Amino acid sequence: MNSIFDGFGLAIFLYMVGASLFYLVLFIFSFLVLRREKGLNKKVPYEDLLISDDTKPISILVPAYNEESGIVSSIRSLLSMNYKEYEIIVINDGSTDQTLEKMINSYQMTATTVTIRKQVPSNEIKTVYQSTLFENLFLVDKVNGGKSDALNAGINTSRFPYICTLDGDSLLEQDALLKVMKPIIDSNEQVIATGGSVRIANGCVVEKGEVMTVSLPRNPIVIMQIIEYLRAFLIGRIGLSRYNLLLIISGAFGVFNKSWVIKAGGYERGTVGEDMELVVRLHKLIVEEKSDKQLQYIPDPVCWTEAPDSISILSRQRTRWQRGLFETLRTHKNMLMNPKYRKVGLVSMPYFLFIELFGAVVEGLAYIYIILGLFFSFISIEISLLLLLVTWFYGCYISMCGVLLEEWSLRRYPKKRHLLTLFVYASTEMFWYRPLTVWWRLEGIWHAINKRSDWGIMTRKGISKDD
């Protein structure tokens with residue numbers, strides 16, 4: 001019996017060592033990319049794009065469901081973007097709060113007639129409004145159908161060849177569109193989709209839709225989310241993007257070639273992981289058309305968003321994310337380990353299945369194994385300490401590396417004590433925050449098996465002083 005327990009512990013140990021090594025490889029790739037970009041004068045080339053004929057116009061799509069607390073300030077930030085030509089389309093997906101009324105009153109919007117091309121499936125559009133103050137601001141009021149359906153309605157209403165998707169509580173830095181479009185323009189549209197970084201605005205001073213001062217919140221739950229975002233964006237996505245292995249472009253901030261999105265069938269309705277599902281389908285389409293198009297992550301353009309500040313709301317968000325991951329991998333299971341789909345099928349899909357999805361199962365088993373093993377004395381103290389060490393490395397050390405990359409490269413947090421605080425919190429992740437996220441991820445898998453699908457209730461408080 002002891003040999004069975006020892007073998008089980010060894011399997012957990014080898015899994016975590018392998019996953020940690022994979023993350024370290026991604027960290028090295030990310031470090032090399034950021035080192036190449038460090039010190040470059042990034043302002044001058046972006047300014048050139050403001051007058052270039054190659055700068056394509058963009059339709060910014062903002063799906064909104066019960067976003068009354070932050071939608072007005074979010075749109076205000078978009079109206080002041082440094083970009084040559086763009087339109088903003090807010091899609092009210094049957095909100096039950098004052099989202100529609102706040103938009104109409106704040107921006108003096110009136111019903112208008114626009115051409116709606118039914119290029120991808122979506123629920124009925126009831127009315128389209130246009131602002132009398134800003135001619136490039138539109139509001140689509142539609143029958144509720146979920147976020148994917150709202151985005152599809154935005155695509156059908158949009159006029160321009162590129163779409164930028166944003167969440168209803170997002171705030172973009174003024175040069176963000178220029179920065180995220182530059183790889184597309186420089187590649188002569190060989191790059192068909194790009195995503196920027198998403199950062200948490202809780203604790204920052206935000207006025208009239210603009211982040212004035214970057215700071216940390218006092219809430220430990222939010223601080224841990226900041227660390228998660230640094231790890232996910234600065235390590236995971238930079239490393240995967242380097243070899244065109246990116247499977248997620250965040251719905252909070254991504255730019256897509258609209259013709260490719262339409263060719264792929266638009267956003268998949270009925271799923272909660274619409275952003276990842278679309279990216280996987282685009283990779284699939286690229287292979288089927290024998291194309292060499294690319295999708296890239298750009299670390300510098302930043303979108304600021306409001307993070308959940310309570311356990312209950314955060315748990316719903318993380319459960320929903322894991323549900324979306326499970327659904328996407330299940331939908332596209334034929335790509336897994338399939339040489340036809342090149343590196344995406346042989347590297348990306350296995351990574352997201354065995355590390356991002358099943359990692360929650362293995363971590364959960366590791367916690368149970370260590371606790372029960374010590375309580376019932378079927379594993380030694382030495383083995384427990386070894387497993388505890390590798391679990392700490394897997395759960396904390398990689399997060400600490402993400403904080404280091406932030407300090408070394410982008411430096412959005414101006415004070416040294418901010419980075420020190422993040423570093424200390426990252427070192428404690430395994431002992432309290434990581435078990436919570438593991439439990440939520442397991443819940444997400446269970447919900448996906450039971451095929452639950454909805455927006456999820458995300459209560460917003462608003463992050464701007466003028467909300």
# chains A, B, ... in the order shown; residues from 1 in each chain; ligands from 1

$ select_by_dssp --residues "stretch 65-123 of chain A" --states "alpha helix (DSSP H)" --output "list in words"
Ile71, Val72, Ser73, Ser74, Ile75, Arg76, Ser77, Leu78, Leu79, Thr99, Leu100, Glu101, Lys102, Met103, Ile104, Asn105 and Ser106 of chain A

$ residues_around --residues "A:Ala19" --least-positions-apart "6" --cutoff "12 Å" --atoms "only C-alpha atoms" --output "ChimeraX atom specification"
/A:12-13,25-26,350-356,358-359,362-363,390-391,393-395,398

$ write_last_selection --atoms "N, CA and C atoms" --output "compact mmCIF listing (two decimals), in the first residue's frame"
# COMPACT_ATOMS: atom_id res chain seq x y z
N ILE A 12 2.77 13.22 -8.77
CA ILE A 12 2.47 14.64 -8.54
C ILE A 12 3.74 15.47 -8.60
N PHE A 13 4.80 14.95 -7.99
CA PHE A 13 6.08 15.65 -7.99
C PHE A 13 6.60 15.87 -9.41
N VAL A 25 10.75 28.12 -19.11
CA VAL A 25 11.09 28.33 -20.53
C VAL A 25 10.34 29.54 -21.07
N LEU A 26 9.04 29.64 -20.73
CA LEU A 26 8.27 30.81 -21.15
C LEU A 26 8.84 32.09 -20.56
N PRO A 350 -1.90 20.96 -26.01
CA PRO A 350 -1.50 20.15 -24.85
C PRO A 350 -1.17 20.98 -23.62
N TYR A 351 -0.52 22.15 -23.83
CA TYR A 351 -0.19 23.01 -22.69
C TYR A 351 -1.45 23.46 -21.95
N PHE A 352 -2.44 23.92 -22.71
CA PHE A 352 -3.66 24.41 -22.07
C PHE A 352 -4.48 23.27 -21.46
N LEU A 353 -4.39 22.07 -22.04
CA LEU A 353 -5.12 20.94 -21.48
C LEU A 353 -4.45 20.40 -20.22
N PHE A 354 -3.16 20.09 -20.33
CA PHE A 354 -2.49 19.37 -19.24
C PHE A 354 -1.98 20.28 -18.12
N ILE A 355 -1.73 21.57 -18.43
CA ILE A 355 -1.23 22.48 -17.40
C ILE A 355 -2.30 23.45 -16.92
N GLU A 356 -2.93 24.16 -17.86
CA GLU A 356 -3.91 25.17 -17.46
C GLU A 356 -5.23 24.57 -16.98
N PHE A 358 -5.98 20.76 -16.42
CA PHE A 358 -5.80 19.68 -15.46
C PHE A 358 -4.87 20.06 -14.31
N GLY A 359 -4.17 21.19 -14.44
CA GLY A 359 -3.31 21.64 -13.35
C GLY A 359 -4.08 21.84 -12.06
N VAL A 362 -4.49 18.42 -10.42
CA VAL A 362 -3.25 17.93 -9.82
C VAL A 362 -2.90 18.72 -8.56
N GLU A 363 -3.06 20.04 -8.62
CA GLU A 363 -2.78 20.86 -7.44
C GLU A 363 -3.70 20.50 -6.28
N VAL A 390 8.13 21.92 -4.03
CA VAL A 390 7.84 21.99 -5.46
C VAL A 390 6.48 22.64 -5.70
N THR A 391 5.53 22.44 -4.75
CA THR A 391 4.23 23.10 -4.87
C THR A 391 4.38 24.61 -4.68
N PHE A 393 7.12 26.31 -5.38
CA PHE A 393 7.78 26.77 -6.59
C PHE A 393 6.77 26.95 -7.72
N TYR A 394 5.91 25.95 -7.86
CA TYR A 394 4.90 25.96 -8.93
C TYR A 394 3.87 27.06 -8.69
N GLY A 395 3.50 27.28 -7.44
CA GLY A 395 2.44 28.22 -7.13
C GLY A 395 2.88 29.64 -6.85
N ILE A 398 6.85 31.34 -9.89
CA ILE A 398 6.58 31.86 -11.22
C ILE A 398 5.88 33.23 -11.13

$ residues_around --residues "A:Leu365" --least-positions-apart "4" --cutoff "12 Å" --atoms "only C-alpha atoms" --output "PyMOL selection string"
chain A and resi 8-9+11-13+15-16+358-361+369-373+387+391+435+438-439+442

$ residues_around --residues "A:Glu210" --least-positions-apart "2" --cutoff "8 Å" --atoms "only C-alpha atoms" --output "VMD selection string"
chain A and resid 77 171 to 173 206 to 208 212 464

$ closest_residue --among "A:Arg242, A:Arg412, A:Lys284, A:Arg231" --to "A:Leu24" --atoms "only C-alpha atoms"
A:Arg231

$ select_by_dssp --residues "stretch 20-130 of chain A" --states "strand (DSSP E)" --output "list of chain:residue names"
A:Ile58, A:Ser59, A:Ile60, A:Leu61, A:Val62, A:Pro63, A:Ala64, A:Tyr86, A:Glu87, A:Ile88, A:Ile89, A:Val90, A:Ile91, A:Asn92, A:Asp93, A:Met109, A:Thr110, A:Ala111, A:Ile125, A:Lys126, A:Thr127, A:Val128, A:Tyr129, A:Gln130

$ write_last_selection --atoms "N, CA and C atoms" --output "PDB file, in the first residue's frame"
ATOM      1  N   ILE A  58     -10.612  51.630 -37.313  1.00  0.00           N
ATOM      2  CA  ILE A  58     -11.005  50.575 -36.373  1.00  0.00           C
ATOM      3  C   ILE A  58     -12.403  50.844 -35.827  1.00  0.00           C
ATOM      4  N   SER A  59     -13.161  49.770 -35.700  1.00  0.00           N
ATOM      5  CA  SER A  59     -14.437  49.825 -34.981  1.00  0.00           C
ATOM      6  C   SER A  59     -14.219  49.233 -33.593  1.00  0.00           C
ATOM      7  N   ILE A  60     -14.413  50.044 -32.558  1.00  0.00           N
ATOM      8  CA  ILE A  60     -14.239  49.586 -31.177  1.00  0.00           C
ATOM      9  C   ILE A  60     -15.579  49.068 -30.669  1.00  0.00           C
ATOM     10  N   LEU A  61     -15.617  47.781 -30.322  1.00  0.00           N
ATOM     11  CA  LEU A  61     -16.847  47.144 -29.859  1.00  0.00           C
ATOM     12  C   LEU A  61     -16.815  46.996 -28.348  1.00  0.00           C
ATOM     13  N   VAL A  62     -17.839  47.529 -27.688  1.00  0.00           N
ATOM     14  CA  VAL A  62     -17.910  47.472 -26.225  1.00  0.00           C
ATOM     15  C   VAL A  62     -19.220  46.801 -25.814  1.00  0.00           C
ATOM     16  N   PRO A  63     -19.223  45.486 -25.613  1.00  0.00           N
ATOM     17  CA  PRO A  63     -20.444  44.822 -25.134  1.00  0.00           C
ATOM     18  C   PRO A  63     -20.715  45.211 -23.688  1.00  0.00           C
ATOM     19  N   ALA A  64     -21.959  45.489 -23.378  1.00  0.00           N
ATOM     20  CA  ALA A  64     -22.280  45.967 -22.032  1.00  0.00           C
ATOM     21  C   ALA A  64     -23.540  45.289 -21.522  1.00  0.00           C
ATOM     22  N   TYR A  86     -11.606  56.132 -36.119  1.00  0.00           N
ATOM     23  CA  TYR A  86     -12.233  55.020 -35.427  1.00  0.00           C
ATOM     24  C   TYR A  86     -13.670  55.367 -35.044  1.00  0.00           C
ATOM     25  N   GLU A  87     -14.454  54.344 -34.816  1.00  0.00           N
ATOM     26  CA  GLU A  87     -15.805  54.507 -34.307  1.00  0.00           C
ATOM     27  C   GLU A  87     -15.953  53.659 -33.050  1.00  0.00           C
ATOM     28  N   ILE A  88     -16.841  54.083 -32.172  1.00  0.00           N
ATOM     29  CA  ILE A  88     -17.103  53.355 -30.931  1.00  0.00           C
ATOM     30  C   ILE A  88     -18.536  52.841 -30.977  1.00  0.00           C
ATOM     31  N   ILE A  89     -18.693  51.541 -30.801  1.00  0.00           N
ATOM     32  CA  ILE A  89     -20.027  50.932 -30.814  1.00  0.00           C
ATOM     33  C   ILE A  89     -20.248  50.230 -29.477  1.00  0.00           C
ATOM     34  N   VAL A  90     -21.112  50.798 -28.659  1.00  0.00           N
ATOM     35  CA  VAL A  90     -21.488  50.177 -27.391  1.00  0.00           C
ATOM     36  C   VAL A  90     -22.699  49.292 -27.656  1.00  0.00           C
ATOM     37  N   ILE A  91     -22.617  48.031 -27.266  1.00  0.00           N
ATOM     38  CA  ILE A  91     -23.721  47.099 -27.505  1.00  0.00           C
ATOM     39  C   ILE A  91     -24.395  46.783 -26.178  1.00  0.00           C
ATOM     40  N   ASN A  92     -25.585  47.346 -25.974  1.00  0.00           N
ATOM     41  CA  ASN A  92     -26.344  47.080 -24.753  1.00  0.00           C
ATOM     42  C   ASN A  92     -27.098  45.765 -24.924  1.00  0.00           C
ATOM     43  N   ASP A  93     -26.655  44.741 -24.212  1.00  0.00           N
ATOM     44  CA  ASP A  93     -27.198  43.391 -24.397  1.00  0.00           C
ATOM     45  C   ASP A  93     -28.359  43.137 -23.436  1.00  0.00           C
ATOM     46  N   MET A 109     -27.744  60.995 -27.092  1.00  0.00           N
ATOM     47  CA  MET A 109     -27.874  60.079 -28.219  1.00  0.00           C
ATOM     48  C   MET A 109     -29.311  60.030 -28.719  1.00  0.00           C
ATOM     49  N   THR A 110     -29.455  59.933 -30.039  1.00  0.00           N
ATOM     50  CA  THR A 110     -30.780  59.837 -30.660  1.00  0.00           C
ATOM     51  C   THR A 110     -30.798  58.654 -31.621  1.00  0.00           C
ATOM     52  N   ALA A 111     -31.991  58.112 -31.847  1.00  0.00           N
ATOM     53  CA  ALA A 111     -32.125  56.980 -32.757  1.00  0.00           C
ATOM     54  C   ALA A 111     -31.700  57.388 -34.160  1.00  0.00           C
ATOM     55  N   ILE A 125     -31.591  43.305 -33.227  1.00  0.00           N
ATOM     56  CA  ILE A 125     -31.193  44.662 -32.836  1.00  0.00           C
ATOM     57  C   ILE A 125     -32.442  45.530 -32.843  1.00  0.00           C
ATOM     58  N   LYS A 126     -32.767  46.106 -31.693  1.00  0.00           N
ATOM     59  CA  LYS A 126     -33.997  46.884 -31.580  1.00  0.00           C
ATOM     60  C   LYS A 126     -33.820  48.304 -32.109  1.00  0.00           C
ATOM     61  N   THR A 127     -32.762  48.976 -31.642  1.00  0.00           N
ATOM     62  CA  THR A 127     -32.539  50.372 -32.031  1.00  0.00           C
ATOM     63  C   THR A 127     -31.041  50.665 -32.052  1.00  0.00           C
ATOM     64  N   VAL A 128     -30.633  51.521 -32.984  1.00  0.00           N
ATOM     65  CA  VAL A 128     -29.259  52.017 -33.013  1.00  0.00           C
ATOM     66  C   VAL A 128     -29.309  53.517 -32.763  1.00  0.00           C
ATOM     67  N   TYR A 129     -28.517  53.982 -31.795  1.00  0.00           N
ATOM     68  CA  TYR A 129     -28.460  55.403 -31.450  1.00  0.00           C
ATOM     69  C   TYR A 129     -27.099  55.974 -31.867  1.00  0.00           C
ATOM     70  N   GLN A 130     -27.088  57.270 -32.147  1.00  0.00           N
ATOM     71  CA  GLN A 130     -25.847  57.977 -32.435  1.00  0.00           C
ATOM     72  C   GLN A 130     -25.782  59.233 -31.585  1.00  0.00           C
TER      73      GLN A 130
END

$ closest_residue --among "A:Val344, A:Leu285, A:Ile200, A:Cys396" --to "A:Ala307" --atoms "only C-alpha atoms"
A:Ile200
